[in-house]
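Shown next: final31.txt, given as compact mmCIF, N, CA and C atoms.
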```
# COMPACT_ATOMS: atom_id res chain seq x y z
N MET A 286 -20.82 30.67 9.19
CA MET A 286 -20.40 30.02 7.96
C MET A 286 -20.33 28.52 8.19
N ASP A 287 -20.96 27.78 7.30
CA ASP A 287 -20.98 26.31 7.41
C ASP A 287 -19.65 25.74 6.92
N GLU A 288 -18.94 25.09 7.82
CA GLU A 288 -17.66 24.48 7.47
C GLU A 288 -17.71 22.96 7.56
N SER A 289 -18.91 22.40 7.51
CA SER A 289 -19.04 20.94 7.59
C SER A 289 -18.37 20.24 6.41
N TRP A 290 -18.19 20.97 5.32
CA TRP A 290 -17.52 20.40 4.15
C TRP A 290 -16.12 19.90 4.50
N ARG A 291 -15.50 20.49 5.54
CA ARG A 291 -14.14 20.10 5.90
C ARG A 291 -14.06 18.65 6.39
N THR A 292 -15.12 18.15 6.99
CA THR A 292 -15.11 16.77 7.50
C THR A 292 -16.02 15.85 6.73
N ARG A 293 -16.81 16.42 5.82
CA ARG A 293 -17.77 15.60 5.07
C ARG A 293 -17.46 15.52 3.58
N ASN A 294 -16.28 15.96 3.18
CA ASN A 294 -15.95 15.89 1.76
C ASN A 294 -15.44 14.50 1.41
N ALA A 295 -15.47 14.19 0.12
CA ALA A 295 -15.12 12.84 -0.33
C ALA A 295 -13.71 12.44 0.09
N GLY A 296 -12.76 13.35 -0.02
CA GLY A 296 -11.38 13.04 0.35
C GLY A 296 -11.25 12.65 1.81
N ARG A 297 -11.89 13.41 2.67
CA ARG A 297 -11.83 13.14 4.12
C ARG A 297 -12.51 11.82 4.44
N ILE A 298 -13.66 11.58 3.83
CA ILE A 298 -14.39 10.34 4.09
C ILE A 298 -13.57 9.13 3.61
N LEU A 299 -13.00 9.23 2.41
CA LEU A 299 -12.16 8.14 1.90
C LEU A 299 -10.92 7.94 2.78
N SER A 300 -10.32 9.03 3.22
CA SER A 300 -9.14 8.95 4.08
C SER A 300 -9.47 8.26 5.40
N ASN A 301 -10.62 8.62 6.00
CA ASN A 301 -11.03 7.98 7.26
C ASN A 301 -11.29 6.49 7.06
N ALA A 302 -11.92 6.14 5.94
CA ALA A 302 -12.19 4.72 5.66
C ALA A 302 -10.88 3.97 5.44
N LEU A 303 -9.94 4.57 4.71
CA LEU A 303 -8.65 3.94 4.48
C LEU A 303 -7.91 3.73 5.80
N ARG A 304 -7.93 4.73 6.66
CA ARG A 304 -7.24 4.62 7.95
C ARG A 304 -7.84 3.46 8.76
N ARG A 305 -9.16 3.38 8.80
CA ARG A 305 -9.80 2.30 9.55
C ARG A 305 -9.44 0.94 8.95
N PHE A 306 -9.47 0.83 7.63
CA PHE A 306 -9.15 -0.43 6.96
C PHE A 306 -7.70 -0.82 7.24
N GLU A 307 -6.78 0.12 7.08
CA GLU A 307 -5.37 -0.18 7.31
C GLU A 307 -5.08 -0.50 8.77
N ASP A 308 -5.77 0.18 9.69
CA ASP A 308 -5.61 -0.15 11.11
C ASP A 308 -6.00 -1.60 11.37
N ARG A 309 -7.08 -2.05 10.74
CA ARG A 309 -7.51 -3.43 10.91
C ARG A 309 -6.49 -4.40 10.32
N VAL A 310 -5.98 -4.08 9.14
CA VAL A 310 -4.95 -4.94 8.52
C VAL A 310 -3.72 -5.00 9.42
N LEU A 311 -3.29 -3.87 9.95
CA LEU A 311 -2.12 -3.86 10.83
C LEU A 311 -2.37 -4.66 12.10
N ALA A 312 -3.58 -4.59 12.64
CA ALA A 312 -3.91 -5.39 13.83
C ALA A 312 -3.86 -6.88 13.50
N LEU A 313 -4.39 -7.25 12.36
CA LEU A 313 -4.34 -8.65 11.94
C LEU A 313 -2.90 -9.11 11.72
N MET A 314 -2.08 -8.24 11.15
CA MET A 314 -0.66 -8.58 10.97
C MET A 314 0.01 -8.78 12.32
N ALA A 315 -0.27 -7.91 13.27
CA ALA A 315 0.30 -8.05 14.62
C ALA A 315 -0.16 -9.35 15.26
N ASP A 316 -1.44 -9.69 15.07
CA ASP A 316 -1.97 -10.95 15.62
C ASP A 316 -1.26 -12.16 15.01
N SER A 317 -0.76 -11.99 13.78
CA SER A 317 -0.06 -13.08 13.09
C SER A 317 1.44 -13.09 13.41
N GLY A 318 1.87 -12.19 14.30
CA GLY A 318 3.27 -12.17 14.71
C GLY A 318 4.12 -11.13 14.01
N TYR A 319 3.54 -10.36 13.10
CA TYR A 319 4.29 -9.33 12.37
C TYR A 319 4.08 -7.98 13.05
N THR A 320 4.62 -7.85 14.25
CA THR A 320 4.37 -6.68 15.09
C THR A 320 5.14 -5.43 14.65
N GLN A 321 6.16 -5.59 13.81
CA GLN A 321 6.95 -4.43 13.37
C GLN A 321 6.32 -3.71 12.18
N THR A 322 5.30 -4.29 11.59
CA THR A 322 4.70 -3.71 10.39
C THR A 322 4.04 -2.37 10.72
N ARG A 323 4.38 -1.36 9.93
CA ARG A 323 3.81 -0.02 10.06
C ARG A 323 3.10 0.35 8.76
N ARG A 324 2.26 1.35 8.86
CA ARG A 324 1.51 1.83 7.68
C ARG A 324 2.46 2.20 6.54
N SER A 325 3.57 2.83 6.86
CA SER A 325 4.52 3.23 5.81
C SER A 325 5.11 2.01 5.11
N HIS A 326 5.31 0.91 5.82
CA HIS A 326 5.84 -0.30 5.21
C HIS A 326 4.81 -0.90 4.25
N VAL A 327 3.56 -0.87 4.67
CA VAL A 327 2.47 -1.38 3.83
C VAL A 327 2.40 -0.56 2.55
N ASN A 328 2.46 0.76 2.68
CA ASN A 328 2.39 1.63 1.50
C ASN A 328 3.57 1.37 0.58
N PHE A 329 4.76 1.22 1.15
CA PHE A 329 5.94 0.93 0.35
C PHE A 329 5.78 -0.37 -0.43
N THR A 330 5.36 -1.43 0.25
CA THR A 330 5.29 -2.73 -0.42
C THR A 330 4.19 -2.80 -1.47
N ARG A 331 3.20 -1.92 -1.40
CA ARG A 331 2.17 -1.87 -2.45
C ARG A 331 2.78 -1.50 -3.80
N HIS A 332 3.87 -0.79 -3.77
CA HIS A 332 4.49 -0.29 -4.99
C HIS A 332 5.64 -1.17 -5.49
N LEU A 333 6.00 -2.18 -4.72
CA LEU A 333 7.13 -3.03 -5.05
C LEU A 333 6.70 -4.20 -5.92
N ASP A 334 7.23 -4.27 -7.14
CA ASP A 334 6.94 -5.39 -8.04
C ASP A 334 7.56 -6.67 -7.48
N LEU A 335 6.94 -7.79 -7.74
CA LEU A 335 7.46 -9.06 -7.23
C LEU A 335 8.86 -9.37 -7.77
N GLY A 336 9.15 -8.93 -8.98
CA GLY A 336 10.47 -9.15 -9.56
C GLY A 336 11.50 -8.13 -9.14
N GLY A 337 11.08 -7.10 -8.44
CA GLY A 337 11.98 -6.05 -7.99
C GLY A 337 11.72 -4.75 -8.71
N THR A 338 12.07 -3.65 -8.06
CA THR A 338 11.80 -2.32 -8.58
C THR A 338 12.92 -1.37 -8.16
N ARG A 339 13.28 -0.47 -9.05
CA ARG A 339 14.28 0.55 -8.71
C ARG A 339 13.70 1.53 -7.70
N ILE A 340 14.56 2.06 -6.85
CA ILE A 340 14.12 3.00 -5.82
C ILE A 340 13.50 4.24 -6.45
N THR A 341 14.06 4.72 -7.55
CA THR A 341 13.50 5.90 -8.20
C THR A 341 12.07 5.65 -8.66
N GLU A 342 11.80 4.45 -9.15
CA GLU A 342 10.45 4.10 -9.59
C GLU A 342 9.52 3.93 -8.39
N LEU A 343 10.01 3.32 -7.33
CA LEU A 343 9.21 3.19 -6.10
C LEU A 343 8.82 4.57 -5.59
N ALA A 344 9.77 5.49 -5.59
CA ALA A 344 9.51 6.85 -5.11
C ALA A 344 8.47 7.53 -5.99
N ARG A 345 8.58 7.36 -7.30
CA ARG A 345 7.61 7.97 -8.22
C ARG A 345 6.22 7.43 -7.96
N ARG A 346 6.10 6.09 -7.84
CA ARG A 346 4.80 5.47 -7.60
C ARG A 346 4.17 5.91 -6.29
N ALA A 347 5.00 6.09 -5.28
CA ALA A 347 4.49 6.46 -3.95
C ALA A 347 4.39 7.98 -3.78
N ALA A 348 4.77 8.74 -4.80
CA ALA A 348 4.73 10.21 -4.76
C ALA A 348 5.55 10.74 -3.59
N MET A 349 6.80 10.25 -3.50
CA MET A 349 7.69 10.74 -2.45
C MET A 349 9.09 10.90 -3.04
N THR A 350 9.98 11.52 -2.29
CA THR A 350 11.34 11.71 -2.78
C THR A 350 12.11 10.39 -2.75
N SER A 351 13.15 10.33 -3.54
CA SER A 351 14.01 9.14 -3.53
C SER A 351 14.68 8.97 -2.17
N ALA A 352 15.02 10.09 -1.53
CA ALA A 352 15.65 10.02 -0.20
C ALA A 352 14.69 9.41 0.83
N ALA A 353 13.43 9.84 0.79
CA ALA A 353 12.44 9.28 1.72
C ALA A 353 12.20 7.80 1.42
N MET A 354 12.15 7.45 0.13
CA MET A 354 11.96 6.05 -0.24
C MET A 354 13.16 5.22 0.21
N THR A 355 14.36 5.76 0.05
CA THR A 355 15.56 5.03 0.48
C THR A 355 15.49 4.73 1.97
N GLU A 356 14.99 5.68 2.75
CA GLU A 356 14.83 5.46 4.20
C GLU A 356 13.86 4.32 4.47
N LEU A 357 12.74 4.29 3.74
CA LEU A 357 11.78 3.19 3.90
C LEU A 357 12.39 1.85 3.49
N VAL A 358 13.14 1.86 2.40
CA VAL A 358 13.81 0.64 1.96
C VAL A 358 14.78 0.17 3.04
N ASP A 359 15.53 1.10 3.61
CA ASP A 359 16.47 0.74 4.68
C ASP A 359 15.73 0.11 5.87
N GLN A 360 14.59 0.69 6.26
CA GLN A 360 13.80 0.13 7.37
C GLN A 360 13.33 -1.28 7.04
N CYS A 361 12.80 -1.46 5.83
CA CYS A 361 12.28 -2.77 5.45
C CYS A 361 13.41 -3.78 5.26
N ALA A 362 14.57 -3.33 4.83
CA ALA A 362 15.72 -4.22 4.71
C ALA A 362 16.18 -4.65 6.10
N ALA A 363 16.19 -3.73 7.05
CA ALA A 363 16.58 -4.06 8.42
C ALA A 363 15.62 -5.08 9.05
N MET A 364 14.36 -5.03 8.63
CA MET A 364 13.36 -6.00 9.12
C MET A 364 13.47 -7.34 8.39
N GLY A 365 14.23 -7.37 7.29
CA GLY A 365 14.37 -8.60 6.53
C GLY A 365 13.33 -8.78 5.44
N LEU A 366 12.54 -7.75 5.18
CA LEU A 366 11.48 -7.84 4.16
C LEU A 366 12.02 -7.78 2.74
N VAL A 367 13.02 -6.92 2.54
CA VAL A 367 13.54 -6.68 1.19
C VAL A 367 15.06 -6.70 1.19
N GLU A 368 15.59 -6.78 -0.02
CA GLU A 368 17.03 -6.69 -0.21
C GLU A 368 17.30 -5.91 -1.49
N ARG A 369 18.51 -5.36 -1.58
CA ARG A 369 18.94 -4.68 -2.79
C ARG A 369 19.81 -5.65 -3.58
N VAL A 370 19.50 -5.78 -4.86
CA VAL A 370 20.28 -6.68 -5.72
C VAL A 370 20.56 -5.96 -7.04
N GLU A 371 21.49 -6.51 -7.78
CA GLU A 371 21.86 -5.96 -9.08
C GLU A 371 20.68 -6.07 -10.05
N ASP A 372 20.41 -5.01 -10.78
CA ASP A 372 19.36 -5.01 -11.80
C ASP A 372 19.87 -5.82 -13.00
N PRO A 373 19.16 -6.89 -13.39
CA PRO A 373 19.63 -7.70 -14.52
C PRO A 373 19.72 -6.93 -15.84
N SER A 374 18.94 -5.85 -15.97
CA SER A 374 18.96 -5.09 -17.22
C SER A 374 20.03 -4.01 -17.25
N ASP A 375 20.60 -3.68 -16.08
CA ASP A 375 21.64 -2.65 -16.01
C ASP A 375 22.47 -2.92 -14.76
N LYS A 376 23.63 -3.49 -14.94
CA LYS A 376 24.48 -3.92 -13.82
C LYS A 376 24.92 -2.77 -12.91
N ARG A 377 24.79 -1.53 -13.39
CA ARG A 377 25.19 -0.38 -12.57
C ARG A 377 24.11 0.01 -11.57
N VAL A 378 22.90 -0.52 -11.75
CA VAL A 378 21.74 -0.12 -10.95
C VAL A 378 21.35 -1.24 -10.00
N ARG A 379 20.84 -0.85 -8.84
CA ARG A 379 20.33 -1.81 -7.87
C ARG A 379 18.80 -1.75 -7.89
N ILE A 380 18.19 -2.90 -7.67
CA ILE A 380 16.74 -2.95 -7.50
C ILE A 380 16.44 -3.48 -6.10
N VAL A 381 15.25 -3.21 -5.66
CA VAL A 381 14.78 -3.69 -4.37
C VAL A 381 13.79 -4.81 -4.66
N ARG A 382 13.94 -5.91 -3.93
CA ARG A 382 12.99 -7.01 -4.10
C ARG A 382 12.74 -7.66 -2.75
N PHE A 383 11.64 -8.40 -2.69
CA PHE A 383 11.31 -9.12 -1.47
C PHE A 383 12.33 -10.23 -1.22
N THR A 384 12.65 -10.45 0.04
CA THR A 384 13.45 -11.60 0.45
C THR A 384 12.50 -12.80 0.58
N PRO A 385 13.01 -14.01 0.74
CA PRO A 385 12.11 -15.14 1.02
C PRO A 385 11.23 -14.89 2.25
N TRP A 386 11.81 -14.32 3.29
CA TRP A 386 10.99 -14.00 4.46
C TRP A 386 9.99 -12.90 4.13
N GLY A 387 10.39 -11.95 3.29
CA GLY A 387 9.48 -10.89 2.84
C GLY A 387 8.31 -11.45 2.06
N ARG A 388 8.54 -12.51 1.30
CA ARG A 388 7.44 -13.18 0.58
C ARG A 388 6.45 -13.80 1.56
N LYS A 389 6.95 -14.35 2.67
CA LYS A 389 6.06 -14.89 3.71
C LYS A 389 5.25 -13.76 4.34
N TRP A 390 5.92 -12.64 4.60
CA TRP A 390 5.23 -11.47 5.13
C TRP A 390 4.15 -11.02 4.16
N LEU A 391 4.48 -11.01 2.87
CA LEU A 391 3.53 -10.58 1.85
C LEU A 391 2.31 -11.50 1.81
N ALA A 392 2.53 -12.80 1.98
CA ALA A 392 1.40 -13.75 2.02
C ALA A 392 0.52 -13.47 3.25
N ALA A 393 1.15 -13.18 4.38
CA ALA A 393 0.38 -12.85 5.59
C ALA A 393 -0.38 -11.55 5.39
N PHE A 394 0.24 -10.60 4.72
CA PHE A 394 -0.41 -9.32 4.41
C PHE A 394 -1.63 -9.57 3.53
N GLY A 395 -1.48 -10.43 2.52
CA GLY A 395 -2.61 -10.77 1.66
C GLY A 395 -3.76 -11.39 2.43
N ARG A 396 -3.44 -12.27 3.36
CA ARG A 396 -4.49 -12.89 4.19
C ARG A 396 -5.18 -11.84 5.07
N ALA A 397 -4.40 -10.93 5.63
CA ALA A 397 -4.97 -9.87 6.48
C ALA A 397 -5.88 -8.97 5.66
N VAL A 398 -5.47 -8.62 4.45
CA VAL A 398 -6.31 -7.78 3.59
C VAL A 398 -7.61 -8.52 3.26
N ALA A 399 -7.53 -9.81 2.96
CA ALA A 399 -8.74 -10.58 2.63
C ALA A 399 -9.72 -10.60 3.81
N ILE A 400 -9.19 -10.77 5.00
CA ILE A 400 -10.05 -10.77 6.20
C ILE A 400 -10.68 -9.40 6.39
N ALA A 401 -9.87 -8.35 6.29
CA ALA A 401 -10.39 -6.99 6.47
C ALA A 401 -11.43 -6.66 5.41
N GLU A 402 -11.21 -7.10 4.17
CA GLU A 402 -12.20 -6.87 3.11
C GLU A 402 -13.49 -7.63 3.38
N SER A 403 -13.38 -8.84 3.88
CA SER A 403 -14.56 -9.63 4.22
C SER A 403 -15.36 -8.95 5.33
N GLU A 404 -14.66 -8.44 6.32
CA GLU A 404 -15.33 -7.71 7.41
C GLU A 404 -15.99 -6.44 6.89
N LEU A 405 -15.32 -5.74 6.00
CA LEU A 405 -15.87 -4.54 5.40
C LEU A 405 -17.14 -4.88 4.62
N ALA A 406 -17.10 -5.95 3.82
CA ALA A 406 -18.27 -6.36 3.05
C ALA A 406 -19.43 -6.73 3.96
N SER A 407 -19.13 -7.38 5.07
CA SER A 407 -20.18 -7.73 6.03
C SER A 407 -20.83 -6.48 6.62
N GLU A 408 -20.03 -5.45 6.84
CA GLU A 408 -20.55 -4.24 7.46
C GLU A 408 -21.33 -3.36 6.49
N VAL A 409 -20.83 -3.20 5.26
CA VAL A 409 -21.49 -2.27 4.33
C VAL A 409 -22.35 -2.98 3.29
N GLY A 410 -22.21 -4.30 3.20
CA GLY A 410 -22.96 -5.08 2.22
C GLY A 410 -22.09 -5.39 1.01
N VAL A 411 -22.17 -6.63 0.57
CA VAL A 411 -21.34 -7.09 -0.55
C VAL A 411 -21.62 -6.26 -1.81
N ARG A 412 -22.88 -6.07 -2.11
CA ARG A 412 -23.23 -5.30 -3.32
C ARG A 412 -22.75 -3.86 -3.22
N ASN A 413 -23.00 -3.22 -2.08
CA ASN A 413 -22.54 -1.84 -1.91
C ASN A 413 -21.03 -1.73 -2.07
N LEU A 414 -20.30 -2.67 -1.48
CA LEU A 414 -18.84 -2.64 -1.59
C LEU A 414 -18.41 -2.83 -3.05
N SER A 415 -19.04 -3.74 -3.74
CA SER A 415 -18.70 -3.98 -5.14
C SER A 415 -18.93 -2.73 -5.98
N VAL A 416 -20.07 -2.09 -5.80
CA VAL A 416 -20.38 -0.87 -6.55
C VAL A 416 -19.36 0.22 -6.21
N LEU A 417 -19.07 0.38 -4.92
CA LEU A 417 -18.13 1.40 -4.49
C LEU A 417 -16.73 1.15 -5.07
N LEU A 418 -16.25 -0.07 -4.97
CA LEU A 418 -14.90 -0.37 -5.46
C LEU A 418 -14.80 -0.19 -6.97
N ASN A 419 -15.81 -0.61 -7.70
CA ASN A 419 -15.80 -0.41 -9.16
C ASN A 419 -15.80 1.07 -9.51
N ALA A 420 -16.61 1.84 -8.81
CA ALA A 420 -16.66 3.28 -9.07
C ALA A 420 -15.33 3.95 -8.71
N MET A 421 -14.74 3.58 -7.59
CA MET A 421 -13.47 4.17 -7.17
C MET A 421 -12.33 3.74 -8.10
N ARG A 422 -12.40 2.52 -8.61
CA ARG A 422 -11.39 2.05 -9.58
C ARG A 422 -11.44 2.92 -10.83
N ARG A 423 -12.66 3.15 -11.33
CA ARG A 423 -12.81 4.01 -12.53
C ARG A 423 -12.33 5.43 -12.23
N TYR A 424 -12.73 5.96 -11.09
CA TYR A 424 -12.34 7.31 -10.73
C TYR A 424 -10.81 7.42 -10.60
N GLY A 425 -10.20 6.44 -9.99
CA GLY A 425 -8.76 6.43 -9.79
C GLY A 425 -7.96 6.37 -11.09
N GLN A 426 -8.57 5.84 -12.13
CA GLN A 426 -7.89 5.77 -13.43
C GLN A 426 -7.91 7.12 -14.14
N GLY A 427 -8.73 8.02 -13.70
CA GLY A 427 -8.81 9.34 -14.30
C GLY A 427 -9.69 9.35 -15.54
N PRO A 428 -9.92 10.55 -16.07
CA PRO A 428 -10.78 10.66 -17.25
C PRO A 428 -10.10 10.03 -18.45
N GLU A 429 -10.90 9.43 -19.28
CA GLU A 429 -10.37 8.82 -20.51
C GLU A 429 -9.90 9.93 -21.43
N GLN A 430 -8.78 9.68 -22.07
CA GLN A 430 -8.22 10.65 -23.00
C GLN A 430 -8.73 10.34 -24.41
N ASP A 431 -9.09 11.39 -25.12
CA ASP A 431 -9.49 11.20 -26.52
C ASP A 431 -8.27 10.84 -27.34
N ALA A 432 -8.47 9.92 -28.28
CA ALA A 432 -7.35 9.49 -29.12
C ALA A 432 -7.05 10.47 -30.20
```

As structure tokens, what does this structure read like?
Amino acid sequence: MDESWRTRNAGRILSNALRRFEDRVLALMADSGYTQTRRSHVNFTRHLDLGGTRITELARRAAMTSAAMTELVDQCAAMGLVERVEDPSDKRVRIVRFTPWGRKWLAAFGRAVAIAESELASEVGVRNLSVLLNAMRRYGQGPEQDA
């Protein structure tokens, strides 16, 4: 029985490419002095709005439990990346937002992503990458709903 589909399916291929890309970003972050950055921190910060976000919303966006998200928030707070502050729209609720140092980390992360994307484009071709990213963006949005 041919089981090559297990390693050659779209999900596996995309996952392998993501792992390689994120490994490169993490290496670039370490080269920039941000040696504590882990893949889970990167994933967490992708979901964090610049103005701040509630933990329940962060958990929903990341498809994880609030308890697991709280643990990530605690790790990132211990690193100085984020802080919990009062939500201006509801004083009973706390939001998570980047600290000033976290904003510097975010800028370094942006630079690392730009370098990794440039290297990716050099390897696969600018046009190929553009076509792939546009197609994946459309696919990621899901099928259009009829009105």

* Would you work out the distance separating atom C of Glu368 of chain A from atom CA of Leu335 of chain A, expressed in Å to one decimal? => 11.8 Å

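Across the model, the gap from atom CA of Met349 of chain A to atom CA of Pro385 of chain A is 26.5 Å.
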
Set up a box along x, y and z of the file covering all listed atoms of segment 307-315 of chain A, add 5 Å on every one of the six sides, and write the centre and edge lengths in Å to one decimal, as JSON.
```
{"center_x": -3.6, "center_y": -4.6, "center_z": 11.2, "size_x": 17.8, "size_y": 19.5, "size_z": 18.2}
```

* **Minimum-distance residue to Glu356 of chain A, chosen among A:Ser325, A:Ser403, A:Ser289, A:Ser300 (using only C-alpha atoms)** =>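 Counting only C-alpha atoms, the residue closest to Glu356 of chain A is A:Ser325.
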
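Between atom CA of Ala315 of chain A and atom C of Ala352 of chain A the interatomic distance comes to 26.5 Å.
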
* To do: Identify all residues of chain A in strand (DSSP E or B) (DSSP on the backbone) and supply them as a ChimeraX atom specification.
  => /A:338,367-372,375-383

Those residues you just picked out, can you put them in a file as a compact mmCIF listing (two decimals), in the coordinates of the input with N, CA and C atoms?
```
# COMPACT_ATOMS: atom_id res chain seq x y z
N THR A 338 12.07 -3.65 -8.06
CA THR A 338 11.80 -2.32 -8.58
C THR A 338 12.92 -1.37 -8.16
N VAL A 367 13.02 -6.92 2.54
CA VAL A 367 13.54 -6.68 1.19
C VAL A 367 15.06 -6.70 1.19
N GLU A 368 15.59 -6.78 -0.02
CA GLU A 368 17.03 -6.69 -0.21
C GLU A 368 17.30 -5.91 -1.49
N ARG A 369 18.51 -5.36 -1.58
CA ARG A 369 18.94 -4.68 -2.79
C ARG A 369 19.81 -5.65 -3.58
N VAL A 370 19.50 -5.78 -4.86
CA VAL A 370 20.28 -6.68 -5.72
C VAL A 370 20.56 -5.96 -7.04
N GLU A 371 21.49 -6.51 -7.78
CA GLU A 371 21.86 -5.96 -9.08
C GLU A 371 20.68 -6.07 -10.05
N ASP A 372 20.41 -5.01 -10.78
CA ASP A 372 19.36 -5.01 -11.80
C ASP A 372 19.87 -5.82 -13.00
N ASP A 375 20.60 -3.68 -16.08
CA ASP A 375 21.64 -2.65 -16.01
C ASP A 375 22.47 -2.92 -14.76
N LYS A 376 23.63 -3.49 -14.94
CA LYS A 376 24.48 -3.92 -13.82
C LYS A 376 24.92 -2.77 -12.91
N ARG A 377 24.79 -1.53 -13.39
CA ARG A 377 25.19 -0.38 -12.57
C ARG A 377 24.11 0.01 -11.57
N VAL A 378 22.90 -0.52 -11.75
CA VAL A 378 21.74 -0.12 -10.95
C VAL A 378 21.35 -1.24 -10.00
N ARG A 379 20.84 -0.85 -8.84
CA ARG A 379 20.33 -1.81 -7.87
C ARG A 379 18.80 -1.75 -7.89
N ILE A 380 18.19 -2.90 -7.67
CA ILE A 380 16.74 -2.95 -7.50
C ILE A 380 16.44 -3.48 -6.10
N VAL A 381 15.25 -3.21 -5.66
CA VAL A 381 14.78 -3.69 -4.37
C VAL A 381 13.79 -4.81 -4.66
N ARG A 382 13.94 -5.91 -3.93
CA ARG A 382 12.99 -7.01 -4.10
C ARG A 382 12.74 -7.66 -2.75
N PHE A 383 11.64 -8.40 -2.69
CA PHE A 383 11.31 -9.12 -1.47
C PHE A 383 12.33 -10.23 -1.22
```

* To do: Could you tell me which of A:Gly425, A:Arg388, A:Phe306, A:Ala348 comes closest to Val367 of chain A if we count all atoms listed in the file?
  => A:Arg388

* To do: Name the residues within 8 Å of (-3.8, -12.0, 7.7), counting only N, CA and C atoms in the file's coordinates, and put them as a list of chain:residue names.
  =>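 Selection result: A:Val310, A:Ala312, A:Leu313, A:Met314, A:Ala315, A:Asp316, A:Ser317, A:Ala392, A:Ala393, A:Phe394, A:Gly395, A:Arg396, A:Ala397, A:Val398, A:Ala399, A:Ile400, A:Ala401.
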
Spatial neighbours of Ala353 of chain A, 12 Å, only C-alpha atoms, chain gap at least 3 places, as a PDB file with N, CA and C atoms, in the frame of the given file:
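Result file is part.pdb:
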```pdb
ATOM      1  N   SER A 325       3.570   2.830   6.860  1.00  0.00           N
ATOM      2  CA  SER A 325       4.520   3.230   5.810  1.00  0.00           C
ATOM      3  C   SER A 325       5.110   2.010   5.110  1.00  0.00           C
ATOM      4  N   PHE A 329       4.760   1.220   1.150  1.00  0.00           N
ATOM      5  CA  PHE A 329       5.940   0.930   0.350  1.00  0.00           C
ATOM      6  C   PHE A 329       5.780  -0.370  -0.430  1.00  0.00           C
ATOM      7  N   ILE A 340      14.560   2.060  -6.850  1.00  0.00           N
ATOM      8  CA  ILE A 340      14.120   3.000  -5.820  1.00  0.00           C
ATOM      9  C   ILE A 340      13.500   4.240  -6.450  1.00  0.00           C
ATOM     10  N   THR A 341      14.060   4.720  -7.550  1.00  0.00           N
ATOM     11  CA  THR A 341      13.500   5.900  -8.200  1.00  0.00           C
ATOM     12  C   THR A 341      12.070   5.650  -8.660  1.00  0.00           C
ATOM     13  N   LEU A 343      10.010   3.320  -7.330  1.00  0.00           N
ATOM     14  CA  LEU A 343       9.210   3.190  -6.100  1.00  0.00           C
ATOM     15  C   LEU A 343       8.820   4.570  -5.590  1.00  0.00           C
ATOM     16  N   ALA A 344       9.770   5.490  -5.590  1.00  0.00           N
ATOM     17  CA  ALA A 344       9.510   6.850  -5.110  1.00  0.00           C
ATOM     18  C   ALA A 344       8.470   7.530  -5.990  1.00  0.00           C
ATOM     19  N   ARG A 345       8.580   7.360  -7.300  1.00  0.00           N
ATOM     20  CA  ARG A 345       7.610   7.970  -8.220  1.00  0.00           C
ATOM     21  C   ARG A 345       6.220   7.430  -7.960  1.00  0.00           C
ATOM     22  N   ALA A 347       5.000   6.090  -5.280  1.00  0.00           N
ATOM     23  CA  ALA A 347       4.490   6.460  -3.950  1.00  0.00           C
ATOM     24  C   ALA A 347       4.390   7.980  -3.780  1.00  0.00           C
ATOM     25  N   ALA A 348       4.770   8.740  -4.800  1.00  0.00           N
ATOM     26  CA  ALA A 348       4.730  10.210  -4.760  1.00  0.00           C
ATOM     27  C   ALA A 348       5.550  10.740  -3.590  1.00  0.00           C
ATOM     28  N   MET A 349       6.800  10.250  -3.500  1.00  0.00           N
ATOM     29  CA  MET A 349       7.690  10.740  -2.450  1.00  0.00           C
ATOM     30  C   MET A 349       9.090  10.900  -3.040  1.00  0.00           C
ATOM     31  N   THR A 350       9.980  11.520  -2.290  1.00  0.00           N
ATOM     32  CA  THR A 350      11.340  11.710  -2.780  1.00  0.00           C
ATOM     33  C   THR A 350      12.110  10.390  -2.750  1.00  0.00           C
ATOM     34  N   GLU A 356      14.990   5.680   2.750  1.00  0.00           N
ATOM     35  CA  GLU A 356      14.830   5.460   4.200  1.00  0.00           C
ATOM     36  C   GLU A 356      13.860   4.320   4.470  1.00  0.00           C
ATOM     37  N   LEU A 357      12.740   4.290   3.740  1.00  0.00           N
ATOM     38  CA  LEU A 357      11.780   3.190   3.900  1.00  0.00           C
ATOM     39  C   LEU A 357      12.390   1.850   3.490  1.00  0.00           C
ATOM     40  N   VAL A 358      13.140   1.860   2.400  1.00  0.00           N
ATOM     41  CA  VAL A 358      13.810   0.640   1.960  1.00  0.00           C
ATOM     42  C   VAL A 358      14.780   0.170   3.040  1.00  0.00           C
ATOM     43  N   ASP A 359      15.530   1.100   3.610  1.00  0.00           N
ATOM     44  CA  ASP A 359      16.470   0.740   4.680  1.00  0.00           C
ATOM     45  C   ASP A 359      15.730   0.110   5.870  1.00  0.00           C
ATOM     46  N   GLN A 360      14.590   0.690   6.260  1.00  0.00           N
ATOM     47  CA  GLN A 360      13.800   0.130   7.370  1.00  0.00           C
ATOM     48  C   GLN A 360      13.330  -1.280   7.040  1.00  0.00           C
TER      49      GLN A 360
END
```

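Take the candidates A:Ile380, A:Arg309, A:Asn294, A:His326 and check each one against Glu342 of chain A using only C-alpha atoms; the shortest distance goes to A:Ile380.
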
* Asked: Could you write out, as a ChimeraX atom specification, all the residues of chain A that DSSP marks as helix (DSSP H, G or I)?
  -> /A:290-293,295-316,324-331,340-347,351-364,385-409,411-426

* If we count only N, CA and C atoms, what is near Arg324 of chain A at a cut-off of 8 Å, once residues fewer than 5 positions away on the same chain are taken out, given as a ChimeraX atom specification? -> /A:307-308,311,329-330

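Shortest separation to Arg339 of chain A among A:Leu414, A:Leu299, A:Val370, A:Met286 occurs at residue A:Val370, atoms counted being only C-alpha atoms.
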